[in-house]
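Undergrad: Below you'll find the structure I mean.
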Amino acid sequence: MYRRPVLSLVVLAAVVTPPPLDAQAPRWRPLFTIGSDQDDRTRLAQLHGLASSDNYLLRTPLKMATPLSGDTARLRWALLIPEYEAVYNSAVPFSLNDGAMWAGRGWNQTARAGLVATWKRVSLTLAPELLVSENLPYEGPPPIRLGPLPPGRDPLSSPWHTGPSSIDLPLRFGFRGFVHADPGESSFSVDWGAVTTGLATEHEWWGPGIRNALVLSNNAPGIPRLFVRTSRPIRTRAGRFEVHWFLGGLFESQYFDATRADDRRSINALAASWTPAGVPTLTLGVTRAVYAPLVGWQDIFLHVADVVRDRGWHRLPGDSSTVPSRDQLFSIFGRWVFPADGLAVHFEWGRNEPPSSLRDFLTAPNHSQAYTLGLEWAKPVRADRDALRLQAEMTYLQQSNTYRDRPVDSWYTGRAAQQGYTQRGQVIGAAIGPGASSQWLGLDYFTPTWRVGLFGGRIRWDDDALYILPRYYANNTWCSHDVSLFGGVSGSYGSPWGQLQASVTVGERLNVFFYHLWYCGPPSSPLDVLDVRNTTLQLRFTPRLHD
């Protein structure tokens, strides 16, 4: 089934699509998902002043969904329109913001279906996913470059971050194809007016980023969590406020280590945004996430207030050194839309190590920093029926130059929690991962029913790792970096039979996995450098079903 994606689509559609319903049956409805065509068009509408940014910079599928119509005192429900997604990689994994899917080499497929129901204040969304991955082999980093892994580490675990600052980021998810289920974009909530509480595994996206969010994105499987958040912006004389808080659990992948006692971690996170009175198109915000190891799940409620506490420190047994009790990230962000000009600018800046004092912050504000900068511009064309849009964004997660003064941990790694800021082996924040940087540019043309666009980008992968390799590679220079250069075409088309999104990305990964580390002169043999050309095909299809 792995080599026949079209056949898989037919089979999955037959499984998840029920027979036609009679007139008394509930209607169908789509599920708003982060990264969908609906999400993209919402962002475009904000540039034209046709949609508010309320709820958007702290968004979830539940918050962005259109409420079910009907008598609120009665049970209302609808079936979710099934959705199918496939990602094909010809040579190496390339997986950015794919949720629970890890897009390895070969075909990777996801099917989602479910239902949504509301009764009075209670809402339920069940949107589980079935994931299928071909997971074909590819050449990994040469073992001679790495040295031995720590005792108990899985051979597929990350070979770069194995010291005090570690991360659960496998090179490959097993040696063969796999099938598994995921709770997907599911949630259970109770609406108390201005506040909503509940349980969820759905994704959240915090901040204004187009391609990368420093603290919370849809790059990994959803986090099982308890949450409290504002149902809608709270209006005051100072402006509008939104707040999200949650307490959840993080799981280790199967490819990190053989120690089962450390598989559990808590995560406690808080985000707040503010739209000042009199400036309705400006939104500022702050986020913080704290993650810590757990002895057992029964202890998770001891971490309910971690987000407002410092890191804490404890001494290692039989050792004079100390390590933090918790790891943390925080960021501030902002987005300003100028509808008259069709322009928006945004930023997110964060640190993974809080300053120890005001003096510390003022003398080295860039210590352990990361940032994202971006802009968007759109121009109506053809009597305002269509639109041309330009987007650009850069993200920087590489270690700051304060490493000369004191150690700097890579973003998303952990000292207290050795698995780092990951969920089942995938980074929860920026899709490019630890120690990376990226630049991206996209140009799109929109009509009411279709979109077509061109894009290009560059990613320098895990550059921090280059400088923690064995000391005899201390003369690493420009040819030693691991860099992807890519470009492609994307589009979407809405028709009476459904909504289709597609993209083709063609690129080359230079010096993949730091294969070449010696010098930057002409290679002495073809084995000195390994560049890989990769083609990625991504498809997403949602049928249009009628009552």
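All residue names refer to the structure tokens as shown: chains lettered A, B, ... in order, residues numbered from 1 in each chain, ligands numbered from 1 in order.
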Give me, as a short mmCIF file (atom, residue, chain, number, x, y, z; two decimals) with C-alpha atoms, in the first residue's frame, the residues of region 317-448 of chain A that a backbone DSSP run labels strand (DSSP E).
TA:
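Contents of selection_22.cif, freshly written:
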data_model
loop_
_atom_site.label_atom_id
_atom_site.label_comp_id
_atom_site.auth_asym_id
_atom_site.auth_seq_id
_atom_site.Cartn_x
_atom_site.Cartn_y
_atom_site.Cartn_z
CA THR A 322 23.90 21.92 39.84
CA VAL A 323 21.31 21.57 37.10
CA PRO A 324 17.96 23.33 36.62
CA ASP A 327 13.61 24.20 31.40
CA GLN A 328 11.85 27.19 29.87
CA LEU A 329 11.29 29.36 26.80
CA PHE A 330 9.70 32.78 26.59
CA SER A 331 8.99 35.26 23.83
CA ILE A 332 7.41 38.58 23.04
CA PHE A 333 5.71 39.18 19.71
CA GLY A 334 3.86 41.78 17.70
CA ARG A 335 2.01 42.26 14.42
CA TRP A 336 0.87 45.54 12.90
CA VAL A 337 -1.49 45.56 9.94
CA PHE A 338 -1.93 48.64 7.72
CA LEU A 343 0.82 45.77 4.51
CA ALA A 344 1.62 43.89 7.72
CA VAL A 345 4.87 43.51 9.65
CA HIS A 346 5.54 41.09 12.49
CA PHE A 347 8.22 39.93 14.89
CA GLU A 348 8.80 37.41 17.65
CA TRP A 349 11.83 37.54 19.95
CA GLY A 350 12.61 35.09 22.71
CA ARG A 351 15.21 33.56 25.01
CA GLN A 369 18.05 34.70 22.00
CA ALA A 370 16.03 33.63 18.95
CA TYR A 371 13.87 35.73 16.68
CA THR A 372 11.53 35.82 13.70
CA LEU A 373 10.96 38.85 11.45
CA GLY A 374 8.46 39.03 8.62
CA LEU A 375 6.28 41.13 6.39
CA GLU A 376 3.28 40.69 4.09
CA TRP A 377 1.94 42.90 1.31
CA ALA A 378 -1.18 42.42 -0.78
CA LYS A 379 -2.66 44.40 -3.65
CA PRO A 380 -6.22 43.99 -5.00
CA VAL A 381 -6.41 43.41 -8.75
CA ASP A 386 -8.45 38.99 -7.03
CA ALA A 387 -5.33 39.74 -5.03
CA LEU A 388 -1.56 39.54 -5.40
CA ARG A 389 0.33 38.82 -2.16
CA LEU A 390 4.01 38.88 -1.21
CA GLN A 391 5.28 37.27 2.02
CA ALA A 392 8.78 37.14 3.50
CA GLU A 393 10.07 35.75 6.78
CA MET A 394 13.38 34.97 8.44
CA THR A 395 13.98 32.98 11.63
CA TYR A 396 17.20 32.72 13.62
CA THR A 422 9.60 17.92 21.84
CA GLN A 423 6.49 15.80 21.58
CA GLN A 426 9.26 16.37 17.00
CA VAL A 427 9.94 19.98 18.02
CA SER A 437 18.15 29.59 10.74
CA SER A 438 15.95 30.14 7.69
CA GLN A 439 14.81 32.65 5.11
CA TRP A 440 11.62 32.27 3.05
CA LEU A 441 9.90 34.28 0.29
CA GLY A 442 6.53 33.61 -1.35
CA LEU A 443 4.41 35.27 -4.06
CA ASP A 444 0.75 34.23 -4.50
CA TYR A 445 -2.13 35.15 -6.77
CA PHE A 446 -5.62 34.68 -5.30
#
Undergrad: Pull the closest atom pair for each residue of region 171-228 of chain A that gets at most 8 Å from region 234-255 of chain A, along with the distance in Å to one decimal, counting only C-alpha atoms, ordering rows by chain and then ascending residue number, as JSON lines.
TA:
{"residue": "A:Phe173", "atom": "CA", "partner": "A:Tyr255", "partner_atom": "CA", "distance": 6.8}
{"residue": "A:Gly174", "atom": "CA", "partner": "A:Tyr255", "partner_atom": "CA", "distance": 7.4}
{"residue": "A:Ala194", "atom": "CA", "partner": "A:Ile234", "partner_atom": "CA", "distance": 7.2}
{"residue": "A:Ile223", "atom": "CA", "partner": "A:Gly248", "partner_atom": "CA", "distance": 6.3}
{"residue": "A:Pro224", "atom": "CA", "partner": "A:Gly248", "partner_atom": "CA", "distance": 5.5}
{"residue": "A:Arg225", "atom": "CA", "partner": "A:Gly248", "partner_atom": "CA", "distance": 3.8}
{"residue": "A:Leu226", "atom": "CA", "partner": "A:Leu247", "partner_atom": "CA", "distance": 5.3}
{"residue": "A:Phe227", "atom": "CA", "partner": "A:Phe246", "partner_atom": "CA", "distance": 4.1}
{"residue": "A:Val228", "atom": "CA", "partner": "A:Trp245", "partner_atom": "CA", "distance": 5.3}
Undergrad: Nearest to Pro82 (chain A): which of A:Pro30, A:Pro355, A:Gly457, A:Pro61 is it, counting only C-alpha atoms?
TA: A:Pro30
Undergrad: Each residue of region 86-134 of chain A lying at most 12 Å from region 498-505 of chain A should get a row with its shortest atom-to-atom pair and the distance in Å to one decimal, counting only C-alpha atoms; could you produce that, ordered by chain and increasing number, as a Markdown table?
TA:
| residue | atom | partner | partner_atom | distance |
| --- | --- | --- | --- | --- |
| A:Ala86 | CA | A:Ala502 | CA | 9.5 |
| A:Val87 | CA | A:Ser503 | CA | 9.5 |
| A:Tyr88 | CA | A:Val504 | CA | 9.5 |
| A:Asn89 | CA | A:Thr505 | CA | 9.4 |
| A:Ser90 | CA | A:Thr505 | CA | 10.6 |
| A:Phe94 | CA | A:Thr505 | CA | 9.8 |
| A:Ser95 | CA | A:Thr505 | CA | 11.7 |
Undergrad: Could you please take those selected residues and save N, CA and C atoms as a compact mmCIF listing (two decimals), in the first residue's frame?
TA:
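Produced file part.txt, reproduced below:
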# COMPACT_ATOMS: atom_id res chain seq x y z
N ALA A 86 -1.17 13.91 1.89
CA ALA A 86 -0.04 13.06 1.54
C ALA A 86 1.18 13.93 1.30
N VAL A 87 2.34 13.44 1.75
CA VAL A 87 3.61 14.10 1.51
C VAL A 87 4.58 13.04 0.99
N TYR A 88 5.21 13.35 -0.14
CA TYR A 88 6.20 12.44 -0.73
C TYR A 88 7.56 13.13 -0.76
N ASN A 89 8.59 12.44 -0.25
CA ASN A 89 9.97 12.93 -0.32
C ASN A 89 10.79 11.92 -1.10
N SER A 90 11.53 12.39 -2.10
CA SER A 90 12.25 11.48 -2.98
C SER A 90 13.56 10.96 -2.39
N PHE A 94 11.70 15.66 4.76
CA PHE A 94 11.49 17.11 4.73
C PHE A 94 10.08 17.32 5.27
N SER A 95 9.99 17.67 6.55
CA SER A 95 8.71 17.70 7.24
C SER A 95 8.63 18.97 8.07
Undergrad: Excluding region 292-295 of chain A and any residue of its chain fewer than 2 positions from it, enumerate the residues within 10 Å of it, using only C-alpha atoms, and give them as a compact mmCIF listing (two decimals) with C-alpha atoms, in the first residue's frame.
TA:
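Saved as around38.txt:
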# COMPACT_ATOMS: atom_id res chain seq x y z
CA GLY A 249 2.04 16.04 29.20
CA LEU A 250 4.89 15.40 26.77
CA ALA A 261 11.71 5.96 34.08
CA ASP A 262 12.31 9.30 32.33
CA ASP A 263 9.73 9.03 29.54
CA ARG A 264 7.31 11.58 31.06
CA ARG A 265 7.48 15.37 31.11
CA SER A 266 5.09 18.12 32.12
CA ILE A 267 4.56 21.33 30.17
CA ASN A 268 2.95 24.43 31.64
CA VAL A 290 8.12 25.54 31.12
CA TRP A 297 1.77 11.22 35.86
CA GLN A 298 0.30 11.54 39.33
CA ASP A 299 2.81 14.37 39.93
CA ILE A 300 1.74 16.51 36.99
CA LEU A 302 2.59 19.80 41.13
CA HIS A 303 3.61 21.72 38.00
CA ASP A 306 5.56 26.34 36.80
CA ARG A 311 13.75 27.52 36.86
CA PRO A 324 17.96 23.33 36.62
CA SER A 325 14.83 21.64 37.90
CA ARG A 326 12.86 22.95 34.92
CA ASP A 327 13.61 24.20 31.40
CA GLN A 328 11.85 27.19 29.87
CA GLY A 414 16.82 20.47 27.72
CA ARG A 415 19.05 20.16 30.77
CA ALA A 416 16.36 19.22 33.29
CA ALA A 417 14.30 17.23 30.75
CA GLN A 418 16.72 15.36 28.50
CA GLN A 419 14.15 14.97 25.71
CA GLY A 420 14.00 18.74 25.32
CA TYR A 421 11.11 20.73 23.91
Undergrad: Determine, for each residue of region 425-525 of chain A having at least one atom at most 12 Å from an atom of region 98-119 of chain A, the closest pair of atoms and their separation in Å to one decimal, counting only C-alpha atoms; order by chain and ascending number, as a Markdown table.
TA:
| residue | atom | partner | partner_atom | distance |
| --- | --- | --- | --- | --- |
| A:Gly425 | CA | A:Trp102 | CA | 9.3 |
| A:Gln426 | CA | A:Trp102 | CA | 8.0 |
| A:Val427 | CA | A:Gly99 | CA | 10.2 |
| A:Ile428 | CA | A:Gly99 | CA | 9.4 |
| A:Gly429 | CA | A:Gly99 | CA | 11.3 |
| A:Ala430 | CA | A:Asp98 | CA | 11.9 |
| A:Ala431 | CA | A:Asp98 | CA | 9.0 |
Undergrad: Would you write out those residues with N, CA and C atoms, as an mmCIF file, in the first residue's frame?
TA:
data_model
loop_
_atom_site.group_PDB
_atom_site.id
_atom_site.type_symbol
_atom_site.label_atom_id
_atom_site.label_comp_id
_atom_site.auth_asym_id
_atom_site.auth_seq_id
_atom_site.Cartn_x
_atom_site.Cartn_y
_atom_site.Cartn_z
ATOM 1 N N GLY A 425 9.176 13.070 19.676
ATOM 2 C CA GLY A 425 10.307 13.169 18.775
ATOM 3 C C GLY A 425 10.272 14.291 17.773
ATOM 4 N N GLN A 426 9.325 15.235 17.910
ATOM 5 C CA GLN A 426 9.257 16.371 17.004
ATOM 6 C C GLN A 426 9.196 17.662 17.810
ATOM 7 N N VAL A 427 9.882 18.699 17.315
ATOM 8 C CA VAL A 427 9.939 19.977 18.017
ATOM 9 C C VAL A 427 8.557 20.626 18.042
ATOM 10 N N ILE A 428 8.179 21.170 19.199
ATOM 11 C CA ILE A 428 6.864 21.791 19.372
ATOM 12 C C ILE A 428 6.846 23.202 18.793
ATOM 13 N N GLY A 429 8.004 23.851 18.737
ATOM 14 C CA GLY A 429 8.076 25.234 18.285
ATOM 15 C C GLY A 429 8.395 25.356 16.811
ATOM 16 N N ALA A 430 9.428 26.143 16.465
ATOM 17 C CA ALA A 430 9.769 26.413 15.072
ATOM 18 C C ALA A 430 10.143 25.121 14.350
ATOM 19 N N ALA A 431 9.572 24.931 13.166
ATOM 20 C CA ALA A 431 9.734 23.677 12.443
ATOM 21 C C ALA A 431 11.175 23.412 12.024
#
Undergrad: Smallest atom-to-atom distance to Pro496 (chain A): which of A:Asn534, A:Asn97, A:Ser480, A:Thr542, using only C-alpha atoms?
TA: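 Among A:Asn534, A:Asn97, A:Ser480, A:Thr542, it is A:Thr542 that comes nearest to Pro496 (chain A).
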Undergrad: For Leu485 (chain A), work out the shell of residues within 6 Å, counting only C-alpha atoms and skipping chain neighbours fewer than 4 positions away, then give it as an mmCIF file with C-alpha atoms, in the first residue's frame.
TA:
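That gives us around24.cif:
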data_model
loop_
_atom_site.group_PDB
_atom_site.id
_atom_site.type_symbol
_atom_site.label_atom_id
_atom_site.label_comp_id
_atom_site.auth_asym_id
_atom_site.auth_seq_id
_atom_site.Cartn_x
_atom_site.Cartn_y
_atom_site.Cartn_z
ATOM 1 C CA ARG A 458 16.982 28.418 2.617
ATOM 2 C CA GLY A 507 15.758 21.532 -3.586
ATOM 3 C CA GLU A 508 19.254 20.455 -2.755
#
Undergrad: Between A:Val532, A:Ala73, A:Ala272, A:Leu31, which has the minimum distance to Ala127 (chain A) (counting only C-alpha atoms)?
TA: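 Smallest separation from Ala127 (chain A) among the options: A:Leu31.
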Undergrad: Work out how far apart CA of Ser187 (chain A) and CA of Leu62 (chain A) are and give it in Å to one decimal.
TA: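 Separation between CA of Ser187 (chain A) and CA of Leu62 (chain A): 7.6 Å.
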